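Structure file model_33.txt; described as compact mmCIF, C-alpha atoms.
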# COMPACT_ATOMS: atom_id res chain seq x y z
CA MET A 163 -32.51 -13.97 3.06
CA SER A 164 -31.54 -10.41 3.76
CA GLU A 165 -35.02 -9.13 3.04
CA GLY A 166 -35.56 -5.54 4.00
CA VAL A 167 -31.85 -4.78 4.06
CA GLU A 168 -30.94 -3.55 0.63
CA PHE A 169 -27.29 -3.70 -0.28
CA GLU A 170 -26.95 0.01 -0.78
CA ASP A 171 -28.77 0.86 2.46
CA PHE A 172 -26.47 -1.50 4.30
CA VAL A 173 -23.33 0.06 2.80
CA VAL A 174 -24.48 3.58 3.59
CA ALA A 175 -25.43 2.66 7.16
CA ARG A 176 -22.44 0.52 8.04
CA TYR A 177 -19.50 1.58 5.96
CA ALA A 178 -18.05 3.98 8.51
CA ALA A 179 -17.97 1.33 11.23
CA LEU A 180 -16.61 -1.28 8.84
CA LEU A 181 -13.97 1.14 7.59
CA ARG A 182 -12.77 1.73 11.15
CA THR A 183 -12.33 -1.99 11.68
CA ALA A 184 -10.60 -2.34 8.31
CA TYR A 185 -8.31 0.53 9.22
CA LEU A 186 -7.32 -1.06 12.51
CA LEU A 187 -6.64 -4.33 10.74
CA THR A 188 -4.58 -2.90 7.88
CA GLN A 189 -3.12 0.17 9.64
CA ASP A 190 -3.34 1.96 6.30
CA ARG A 191 -6.22 4.16 5.19
CA ALA A 192 -5.96 3.39 1.48
CA LEU A 193 -5.59 -0.34 2.06
CA ALA A 194 -8.54 -0.23 4.44
CA GLU A 195 -10.71 1.30 1.72
CA ASP A 196 -9.52 -1.26 -0.80
CA LEU A 197 -10.15 -4.08 1.63
CA LEU A 198 -13.65 -2.91 2.45
CA GLN A 199 -14.59 -2.27 -1.17
CA THR A 200 -13.30 -5.71 -2.12
CA VAL A 201 -15.34 -7.28 0.66
CA LEU A 202 -18.53 -5.45 -0.30
CA ALA A 203 -18.02 -6.35 -3.96
CA LYS A 204 -17.64 -9.99 -2.88
CA CYS A 205 -20.83 -9.89 -0.85
CA TRP A 206 -22.96 -8.15 -3.45
CA PRO A 207 -23.52 -11.11 -5.86
CA VAL A 208 -24.77 -13.32 -2.99
CA TRP A 209 -26.60 -10.59 -1.13
CA ARG A 210 -30.06 -12.07 -1.56
CA ARG A 211 -28.91 -15.36 -0.12
CA ILE A 212 -27.38 -13.88 3.04
CA ASP A 213 -29.53 -14.42 6.12
CA ASP A 214 -27.95 -11.80 8.34
CA PRO A 215 -25.74 -9.35 6.42
CA ALA A 216 -23.91 -7.67 9.32
CA PRO A 217 -22.09 -10.73 10.73
CA TYR A 218 -21.60 -12.13 7.23
CA VAL A 219 -19.87 -8.97 5.99
CA HIS A 220 -17.91 -8.72 9.21
CA ARG A 221 -16.66 -12.28 8.89
CA THR A 222 -15.81 -11.74 5.22
CA LEU A 223 -13.87 -8.60 6.12
CA VAL A 224 -11.66 -10.38 8.64
CA ASN A 225 -11.20 -13.45 6.45
CA THR A 226 -10.37 -11.40 3.37
CA TYR A 227 -7.84 -9.43 5.40
CA THR A 228 -6.09 -12.58 6.60
CA SER A 229 -6.19 -14.18 3.14
CA TRP A 230 -4.75 -11.03 1.53
CA TRP A 231 -1.81 -11.26 3.81
CA ARG A 232 -1.47 -14.99 3.30
CA ARG A 233 -1.15 -14.31 -0.41
CA ARG A 234 1.60 -11.82 0.38
CA TRP A 235 1.02 -9.51 -2.55
CA ASN A 236 -0.93 -7.09 -0.50
CA SER A 237 1.85 -6.65 2.00
CA GLU A 238 4.54 -5.88 -0.54
CA TYR A 239 5.75 -2.32 -0.37
CA PRO A 240 8.47 -1.87 -2.97
CA THR A 241 9.75 1.31 -1.36
CA ALA A 242 13.27 -0.11 -1.14
CA ASP A 243 13.52 0.14 -4.90
CA LEU A 244 12.23 3.69 -5.16
CA PRO A 245 14.75 6.18 -6.42
CA HIS A 246 14.31 8.34 -3.34
CA THR A 247 13.57 6.95 0.07
CA PRO A 248 10.96 8.97 1.99
CA THR A 249 12.17 10.26 5.31
CA THR A 250 10.22 9.86 8.50
CA ASN A 251 8.44 13.18 8.16
CA HIS A 252 6.74 11.81 5.05
CA LEU A 253 4.99 9.09 6.98
CA GLY A 254 1.28 9.40 7.56
CA ALA A 255 -0.17 10.21 10.93
CA ASP A 256 -0.76 6.49 11.45
CA ASP A 257 2.93 5.76 11.38
CA ARG A 258 3.79 8.25 14.04
CA THR A 259 2.12 6.66 17.03
CA ASP A 260 3.79 4.07 19.17
CA LEU A 261 0.76 1.80 19.25
CA GLY A 262 0.52 1.94 15.49
CA GLU A 263 4.07 0.66 15.19
CA ALA A 264 3.46 -2.00 17.80
CA LEU A 265 0.24 -3.16 16.13
CA ARG A 266 1.90 -3.26 12.75
CA ARG A 267 4.54 -5.61 14.11
CA LEU A 268 1.92 -8.06 15.37
CA PRO A 269 1.23 -11.11 13.20
CA ARG A 270 -2.00 -10.61 11.25
CA LYS A 271 -4.09 -13.07 13.22
CA MET A 272 -3.00 -11.61 16.55
CA ARG A 273 -3.84 -8.15 15.26
CA ALA A 274 -7.26 -9.36 14.19
CA VAL A 275 -7.84 -10.89 17.63
CA ILE A 276 -6.83 -7.65 19.34
CA VAL A 277 -9.18 -5.61 17.15
CA LEU A 278 -12.11 -7.98 17.62
CA ARG A 279 -11.65 -8.38 21.37
CA PHE A 280 -10.63 -4.89 22.46
CA TYR A 281 -12.02 -2.58 19.80
CA GLU A 282 -15.22 -4.38 18.93
CA ASP A 283 -15.59 -5.83 22.43
CA LEU A 284 -16.54 -9.24 21.11
CA THR A 285 -16.50 -12.24 23.42
CA GLU A 286 -13.93 -14.95 22.89
CA ALA A 287 -16.66 -17.17 21.41
CA GLU A 288 -17.81 -14.45 18.98
CA ALA A 289 -14.23 -13.72 17.91
CA ALA A 290 -13.61 -17.45 17.42
CA ARG A 291 -16.69 -17.75 15.23
CA ILE A 292 -15.58 -14.86 13.01
CA LEU A 293 -12.01 -16.08 12.76
CA GLY A 294 -13.08 -19.65 12.19
CA CYS A 295 -10.98 -21.03 15.02
CA SER A 296 -11.51 -22.42 18.51
CA VAL A 297 -12.08 -20.37 21.63
CA GLY A 298 -8.81 -21.78 22.96
CA THR A 299 -6.98 -20.37 19.95
CA VAL A 300 -8.52 -16.94 20.54
CA LYS A 301 -7.44 -17.10 24.19
CA SER A 302 -3.89 -18.08 23.35
CA GLN A 303 -3.59 -15.55 20.49
CA THR A 304 -4.93 -12.79 22.74
CA SER A 305 -2.51 -13.66 25.51
CA ARG A 306 0.45 -13.80 23.14
CA ALA A 307 -0.56 -10.57 21.39
CA LEU A 308 -0.84 -8.69 24.67
CA ALA A 309 2.52 -10.07 25.77
CA LYS A 310 4.08 -8.89 22.50
CA LEU A 311 2.56 -5.44 22.89
CA ARG A 312 3.83 -5.14 26.46
CA ILE A 313 7.42 -5.78 25.41
CA ASP A 314 7.28 -3.91 22.11
CA PRO A 315 10.21 -1.49 21.96
CA ALA A 316 8.03 1.36 20.68
CA LEU A 317 5.69 1.14 23.65
CA LEU A 318 8.52 0.61 26.13
CA ASP A 319 10.29 3.71 24.81
CA ALA A 320 7.09 5.71 25.10
CA ALA A 321 6.55 4.49 28.67
CA ARG A 322 10.12 5.44 29.58
CA GLU A 323 9.67 8.91 28.15
CA GLN A 324 6.49 9.42 30.14
CA SER A 325 8.03 8.24 33.43
CA MET B 31 0.01 -0.47 28.53
CA ASN B 32 -3.05 -1.85 30.31
CA LEU B 33 -6.28 -2.96 28.64
CA THR B 34 -8.04 0.33 29.30
CA ASP B 35 -5.24 2.21 27.55
CA LEU B 36 -5.32 -0.28 24.70
CA ARG B 37 -9.07 0.15 24.22
CA ALA B 38 -8.74 3.93 24.32
CA GLU B 39 -5.90 3.88 21.77
CA LEU B 40 -7.81 1.59 19.45
CA ASP B 41 -10.89 3.81 19.69
CA SER B 42 -8.82 6.88 19.01
CA ARG B 43 -7.08 5.33 16.01
CA ALA B 44 -10.34 3.98 14.61
CA THR B 45 -11.88 7.44 14.80
CA SER B 46 -9.03 8.81 12.71
CA ALA B 47 -10.27 6.61 9.86
CA ASP B 48 -13.21 9.00 9.61
CA GLU B 49 -10.95 11.87 8.55
CA HIS B 50 -11.08 12.81 4.88
CA PRO B 51 -14.12 10.64 4.12
CA THR B 52 -14.30 9.37 0.57
CA ASP B 53 -17.29 8.16 -1.36
CA LEU B 54 -16.98 4.50 -0.53
CA VAL B 55 -20.34 3.63 -2.00
CA ALA B 56 -19.27 4.88 -5.42
CA GLY B 57 -15.99 3.00 -5.10
CA THR B 58 -17.84 -0.17 -4.23
CA ARG B 59 -20.13 0.26 -7.22
CA ARG B 60 -17.14 0.63 -9.48
CA LYS B 61 -15.52 -2.45 -7.98
CA ILE B 62 -18.70 -4.45 -8.53
CA ARG B 63 -18.92 -3.26 -12.11
CA ARG B 64 -15.28 -4.13 -12.79
CA THR B 65 -15.69 -7.53 -11.16
CA LYS B 66 -18.69 -8.24 -13.36
CA GLN B 67 -16.84 -7.12 -16.45
CA ARG B 68 -13.82 -9.27 -15.61
CA ARG B 69 -16.01 -12.29 -14.96
CA LEU B 70 -17.86 -11.79 -18.20
CA ALA B 71 -14.68 -11.37 -20.17
CA ALA B 72 -13.11 -14.41 -18.50
CA ALA B 73 -16.19 -16.55 -19.12
CA LEU B 74 -16.67 -15.64 -22.73
CA GLY B 75 -13.21 -14.51 -23.82
CA GLY B 76 -12.06 -13.29 -27.18
CA THR B 77 -12.22 -10.15 -29.17
CA ALA B 78 -15.76 -10.75 -30.41
CA VAL B 79 -17.01 -10.78 -26.84
CA VAL B 80 -15.21 -7.57 -26.05
CA ALA B 81 -16.80 -6.02 -29.11
CA LEU B 82 -20.25 -7.21 -28.06
CA LEU B 83 -19.74 -5.92 -24.55
CA THR B 84 -18.59 -2.60 -25.88
CA ALA B 85 -21.72 -2.46 -28.00
CA GLY B 86 -23.77 -3.28 -24.90
CA LEU B 87 -25.39 -6.28 -26.55
CA LEU B 88 -24.47 -8.93 -24.02
CA THR B 89 -24.84 -7.09 -20.76
CA PRO B 90 -28.62 -7.39 -20.31
CA ALA B 91 -28.63 -11.15 -20.90
CA LEU B 92 -25.73 -11.80 -18.56
CA THR B 93 -26.68 -9.54 -15.71
CA SER B 94 -27.17 -11.49 -12.50
CA THR B 95 -30.55 -11.53 -10.77
CA THR B 96 -29.31 -8.92 -8.33
CA PRO B 97 -29.70 -5.51 -9.93
CA GLU B 98 -26.54 -3.50 -10.19
CA PRO B 99 -26.56 -0.45 -7.93
CA ALA B 100 -27.09 2.89 -9.63
CA ASP B 101 -23.91 4.79 -10.42
CA PRO B 102 -24.22 8.50 -9.72
CA PRO B 103 -21.27 10.80 -10.38
CA PRO B 104 -18.47 10.56 -7.81
CA ALA B 105 -18.31 13.32 -5.21
CA ASP B 106 -15.71 16.06 -5.39
CA TYR B 107 -12.73 15.66 -3.06
CA ALA B 108 -11.56 18.84 -1.38
CA LYS B 109 -9.06 19.93 1.26
CA ASP B 110 -7.31 23.22 2.02
CA GLY B 111 -8.94 24.91 -0.96
CA ILE B 112 -7.75 22.26 -3.43
CA THR B 113 -10.64 20.44 -5.09
CA PHE B 114 -10.60 17.44 -7.38
CA PRO B 115 -13.93 17.45 -9.25
CA GLY B 116 -15.86 14.18 -9.18
CA THR B 117 -15.93 14.19 -12.96
CA VAL B 118 -13.82 15.93 -15.59
CA GLY B 119 -15.45 15.35 -18.94
CA ASP B 120 -15.98 11.59 -19.11
CA ASP B 121 -13.28 10.91 -16.53
CA ARG B 122 -14.49 9.87 -13.09
CA LEU B 123 -12.60 10.47 -9.88
CA GLU B 124 -11.53 7.16 -8.41
CA LYS B 125 -9.27 8.32 -5.59
CA ALA B 126 -7.61 11.49 -4.45
CA TRP B 127 -4.95 12.44 -1.96
CA ILE B 128 -4.16 15.97 -0.80
CA GLY B 129 -1.12 16.36 1.41
CA SER B 130 -0.48 19.03 3.98
CA PRO B 131 1.76 22.05 3.30
CA GLY B 132 5.37 21.10 3.97
CA GLU B 133 4.54 17.42 4.33
CA GLY B 134 7.00 16.47 1.62
CA PRO B 135 6.54 13.68 -0.90
CA LEU B 136 3.20 11.86 -0.80
CA THR B 137 3.39 8.09 -0.67
CA PHE B 138 0.27 5.97 -0.64
CA THR B 139 -1.27 2.75 -1.87
CA TRP B 140 -3.68 2.58 -4.79
CA THR B 141 -5.28 -0.42 -6.44
CA PRO B 142 -5.81 0.15 -10.18
CA THR B 143 -9.12 -1.13 -11.53
CA THR B 144 -8.57 -0.22 -15.18
CA LYS B 145 -5.72 0.58 -17.55
CA ASN B 146 -7.40 3.78 -18.74
CA VAL B 147 -6.33 6.16 -16.03
CA VAL B 148 -5.83 9.90 -15.84
CA LEU B 149 -3.51 11.41 -13.25
CA ARG B 150 -4.31 15.00 -12.31
CA SER B 151 -1.79 16.62 -10.03
CA ALA B 152 -1.98 19.77 -7.99
CA CYS B 153 0.88 21.60 -6.38
CA ARG B 154 1.43 24.74 -4.35
CA SER B 155 4.94 26.05 -3.97
CA THR B 156 6.00 29.26 -2.29
CA THR B 157 9.42 29.39 -3.92
CA SER B 158 10.15 31.55 -6.92
CA SER B 159 11.93 28.96 -9.05
CA PRO B 160 9.77 26.85 -11.37
CA LYS B 161 8.66 23.56 -9.93
CA GLY B 162 7.37 20.33 -11.37
CA ILE B 163 5.89 17.14 -9.98
CA ARG B 164 7.21 13.65 -10.53
CA ILE B 165 4.94 10.66 -10.06
CA TRP B 166 6.13 7.09 -9.59
CA ILE B 167 3.87 4.06 -9.56
CA ASN B 168 5.68 1.19 -7.92
CA THR B 169 9.25 1.77 -9.11
CA ARG B 170 8.35 3.35 -12.44
CA LEU B 171 8.45 7.07 -13.11
CA VAL B 172 5.18 7.64 -14.94
CA ALA B 173 4.84 11.40 -15.14
CA GLU B 174 6.64 14.71 -14.83
CA LEU B 175 3.96 17.34 -14.57
CA GLU B 176 3.63 21.05 -14.14
CA CYS B 177 3.28 22.40 -10.60
CA THR B 178 -0.11 24.12 -10.61
CA SER B 179 -2.86 24.41 -8.06
CA ASP B 180 -5.55 24.16 -10.74
CA THR B 181 -6.92 20.61 -10.57
CA ASN B 182 -9.06 21.27 -13.62
CA ALA B 183 -6.04 22.13 -15.71
CA SER B 184 -5.34 20.26 -18.89
CA GLY B 185 -2.08 19.80 -20.73
CA GLU B 186 1.02 19.70 -18.59
CA ALA B 187 -0.62 18.95 -15.22
CA VAL B 188 -2.32 15.84 -16.57
CA ARG B 189 -0.96 12.44 -17.53
CA ARG B 190 -3.19 9.98 -19.32
CA LEU B 191 -2.31 6.29 -18.96
CA ILE B 192 -3.53 3.85 -21.59
CA PRO B 193 -3.53 0.03 -21.77
CA THR B 194 -0.35 -0.09 -23.85
CA ASP B 195 1.66 1.90 -21.31
CA ALA B 196 4.75 0.06 -20.06
CA LEU B 197 3.55 0.70 -16.52
CA TRP B 198 0.99 -2.10 -16.76
CA ALA B 199 3.68 -4.68 -17.41
CA ASP B 200 4.64 -4.64 -13.76
CA THR B 201 1.52 -3.09 -12.22
CA PRO B 202 -1.31 -5.63 -12.41
CA ILE B 203 -4.94 -4.59 -12.26
CA GLY B 204 -6.54 -5.40 -8.92
CA LYS B 205 -3.34 -5.46 -6.95
CA PRO B 206 -2.19 -2.59 -4.72
CA ALA B 207 0.48 -0.36 -6.16
CA ARG B 208 2.69 2.11 -4.35
CA VAL B 209 2.31 5.66 -5.61
CA ARG B 210 4.84 8.36 -4.84
CA LEU B 211 4.56 12.03 -5.66
CA ALA B 212 7.40 14.53 -5.20
CA VAL B 213 8.09 18.12 -6.16
CA VAL B 214 11.24 18.86 -8.17
CA ASP B 215 13.02 22.04 -9.09
CA GLU B 216 12.79 22.34 -12.86
CA LEU B 217 16.13 24.13 -13.11
CA SER B 218 18.30 21.97 -10.88
CA HIS B 219 16.13 18.83 -11.32
CA ARG B 220 16.59 18.22 -7.63
CA GLU B 221 13.80 16.92 -5.51
CA GLY B 222 12.36 18.85 -2.64
CA ASP B 223 10.56 22.00 -1.56
CA GLN B 224 10.01 22.00 2.17
CA ASN B 225 6.93 24.23 1.89
CA ALA B 226 5.21 22.63 -1.06
CA GLN B 227 1.76 21.08 -0.86
CA LEU B 228 1.13 18.17 -3.21
CA ALA B 229 -2.05 16.49 -4.35
CA LEU B 230 -3.06 13.84 -6.83
CA GLY B 231 -6.42 12.85 -8.25
CA ILE B 232 -6.67 9.51 -10.01
CA TYR B 233 -9.46 9.32 -12.57
CA THR B 234 -10.72 6.43 -14.61
CA SER B 235 -11.40 7.08 -18.24
CA PRO B 236 -14.00 5.19 -20.29
CA THR B 237 -12.11 5.45 -23.57
CA ASN B 238 -8.90 4.17 -25.05
CA GLU B 239 -8.25 7.44 -26.82
CA LEU B 240 -4.79 8.86 -26.86
CA PRO B 241 -4.30 12.24 -25.23
CA ALA B 242 -5.53 15.06 -27.40
CA PRO B 243 -4.10 18.26 -25.88
CA ALA B 244 -0.85 19.40 -27.38
CA GLY B 245 2.03 19.46 -24.95
CA THR B 246 0.73 16.64 -22.80
CA PRO B 247 3.69 14.66 -21.51
CA THR B 248 4.02 11.17 -22.87

Hey, can you dump this file as structure tokens for me?
Amino acid sequence: MSEGVEFEDFVVARYAALLRTAYLLTQDRALAEDLLQTVLAKCWPVWRRIDDPAPYVHRTLVNTYTSWWRRRWNSEYPTADLPHTPTTNHLGADDRTDLGEALRRLPRKMRAVIVLRFYEDLTEAEAARILGCSVGTVKSQTSRALAKLRIDPALLDAAREQS
Amino acid sequence: MNLTDLRAELDSRATSADEHPTDLVAGTRRKIRRTKQRRLAAALGGTAVVALLTAGLLTPALTSTTPEPADPPPADYAKDGITFPGTVGDDRLEKAWIGSPGEGPLTFTWTPTTKNVVLRSACRSTTSSPKGIRIWINTRLVAELECTSDTNASGEAVRRLIPTDALWADTPIGKPARVRLAVVDELSHREGDQNAQLALGIYTSPTNELPAPAGTPT
């Protein structure tokens, strides 16, 4: 039971940190807000039955993110059909950084592993528990994600420009 | 990129999520309320149930054991001197975006939670020719509004969407929609004003009433 941790107190205390994680996962501010609000709305009906809210909400956040993308609808951006295609100067600040582009190209599970391991500094075992997979899977996903980032054209171009 | 760089970049990007903070608590409350309403409607179904819910007769008996969080008015959203009030009459601010001067068209994602929606635009243009704002949701042009910096304005800077609007045929509730906002020259009907600043406030409305003010675009 989450006695002593009222739902609203928890949201007020933790939403900024959760929003940052959601933002790194989705790479889109509006989607991050939607994701987090959806997760909190999911957790609210069962709040009194949750033993430890923080890891529960955290796990729900990551799982909801991966399930959204499995269902595809959340990743559909019908911009190709818009009557006017925005040019690059209409992109948000997020779209302008090389790492943002590289992260966006990562498969969703690899991106989640990167965020959990290198932003939240979780151990491989903790990341595995949240993602519901084995430690070996976390290790292999981390290794493959880092390899993808190292050869991502956006980051290579940036490195060339700096050198 | 080594791991230290990666950690620093992730930290830096995560911090940028703190810019333009919105009232997430209020948004969560609304989502909870909508979820409850959808579940109730799905469980009981039918027009009679909707009527009972509207009358507030069923809600106390069907409320879960967890009390619903209180629902104070949404906070105002402000940037660069443009402010979207948290409430305008009975309409409540759900989300707002305010672009930067010269940024060009605004494109963002929004997840509708109701079919009673009010779009309030704001626009600053330095050019002398009259300007308007066009708003698309997904691929559908939903509004052509007046370019004004007054976010409290009624009439031609406001578009009220109702459940029978064609938009909802291809924009389901609860699924993210792409919103695009662009300035157009009202004489040439061409898009674009390199110096314009655009903003949009999306409000939810509790009623199904049709727009009252004369001159409101339909």

Handout entry: Proximity to Ala108 in chain B - best of B:Ala73, B:Leu123, B:Cys177, B:Ile62, all atoms listed in the file
Key = B:Leu123

Mind running chain B against chain A at 6 Å and telling me each contacting residue's nearest atom pair with the distance in Å (one decimal), counting all atoms listed in the file, chain and number ascending, as a tab-separated table?
residue	atom	partner	partner_atom	distance
B:Arg37	CA	A:Phe280	CA	5.6
B:Leu40	CA	A:Tyr281	CA	5.9
B:Ala44	CA	A:Arg182	CA	4.8
B:Ala47	CA	A:Arg182	CA	5.6
B:Thr58	CA	A:Gln199	CA	4.9
B:Ile62	CA	A:Ala203	CA	5.0
B:Gly134	CA	A:His252	CA	5.8
B:Thr139	CA	A:Ala192	CA	5.8
B:Thr169	CA	A:Leu244	CA	5.3

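The spacing separating CA of Ala290 in chain A from CA of Pro269 in chain A amounts to 16.7 Å.
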
Practice task
Could you check which of B:Thr45, B:Thr144, B:Thr178, B:Ser235 is closest to Asp120 in chain B, using all atoms listed in the file?
Solution key: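 Closest residue, counting all atoms listed in the file: B:Ser235.
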
Practice task
With a distance cut-off of 12 Å and all atoms listed in the file, select the neighbouring residues of Pro115 in chain B, excluding the residue or stretch itself and same-chain residues fewer than 6 positions from it, and output the selection as a ChimeraX atom specification.
Solution key: /B:103-109,121-126,150,180-183,230-233

Expected file contents, prior selection, C-alpha atoms, as an mmCIF file, keeping the file's coordinate frame:
data_model
loop_
_atom_site.group_PDB
_atom_site.id
_atom_site.type_symbol
_atom_site.label_atom_id
_atom_site.label_comp_id
_atom_site.auth_asym_id
_atom_site.auth_seq_id
_atom_site.Cartn_x
_atom_site.Cartn_y
_atom_site.Cartn_z
ATOM 1 C CA PRO B 103 -21.270 10.800 -10.380
ATOM 2 C CA PRO B 104 -18.470 10.560 -7.810
ATOM 3 C CA ALA B 105 -18.310 13.320 -5.210
ATOM 4 C CA ASP B 106 -15.710 16.060 -5.390
ATOM 5 C CA TYR B 107 -12.730 15.660 -3.060
ATOM 6 C CA ALA B 108 -11.560 18.840 -1.380
ATOM 7 C CA LYS B 109 -9.060 19.930 1.260
ATOM 8 C CA ASP B 121 -13.280 10.910 -16.530
ATOM 9 C CA ARG B 122 -14.490 9.870 -13.090
ATOM 10 C CA LEU B 123 -12.600 10.470 -9.880
ATOM 11 C CA GLU B 124 -11.530 7.160 -8.410
ATOM 12 C CA LYS B 125 -9.270 8.320 -5.590
ATOM 13 C CA ALA B 126 -7.610 11.490 -4.450
ATOM 14 C CA ARG B 150 -4.310 15.000 -12.310
ATOM 15 C CA ASP B 180 -5.550 24.160 -10.740
ATOM 16 C CA THR B 181 -6.920 20.610 -10.570
ATOM 17 C CA ASN B 182 -9.060 21.270 -13.620
ATOM 18 C CA ALA B 183 -6.040 22.130 -15.710
ATOM 19 C CA LEU B 230 -3.060 13.840 -6.830
ATOM 20 C CA GLY B 231 -6.420 12.850 -8.250
ATOM 21 C CA ILE B 232 -6.670 9.510 -10.010
ATOM 22 C CA TYR B 233 -9.460 9.320 -12.570
#
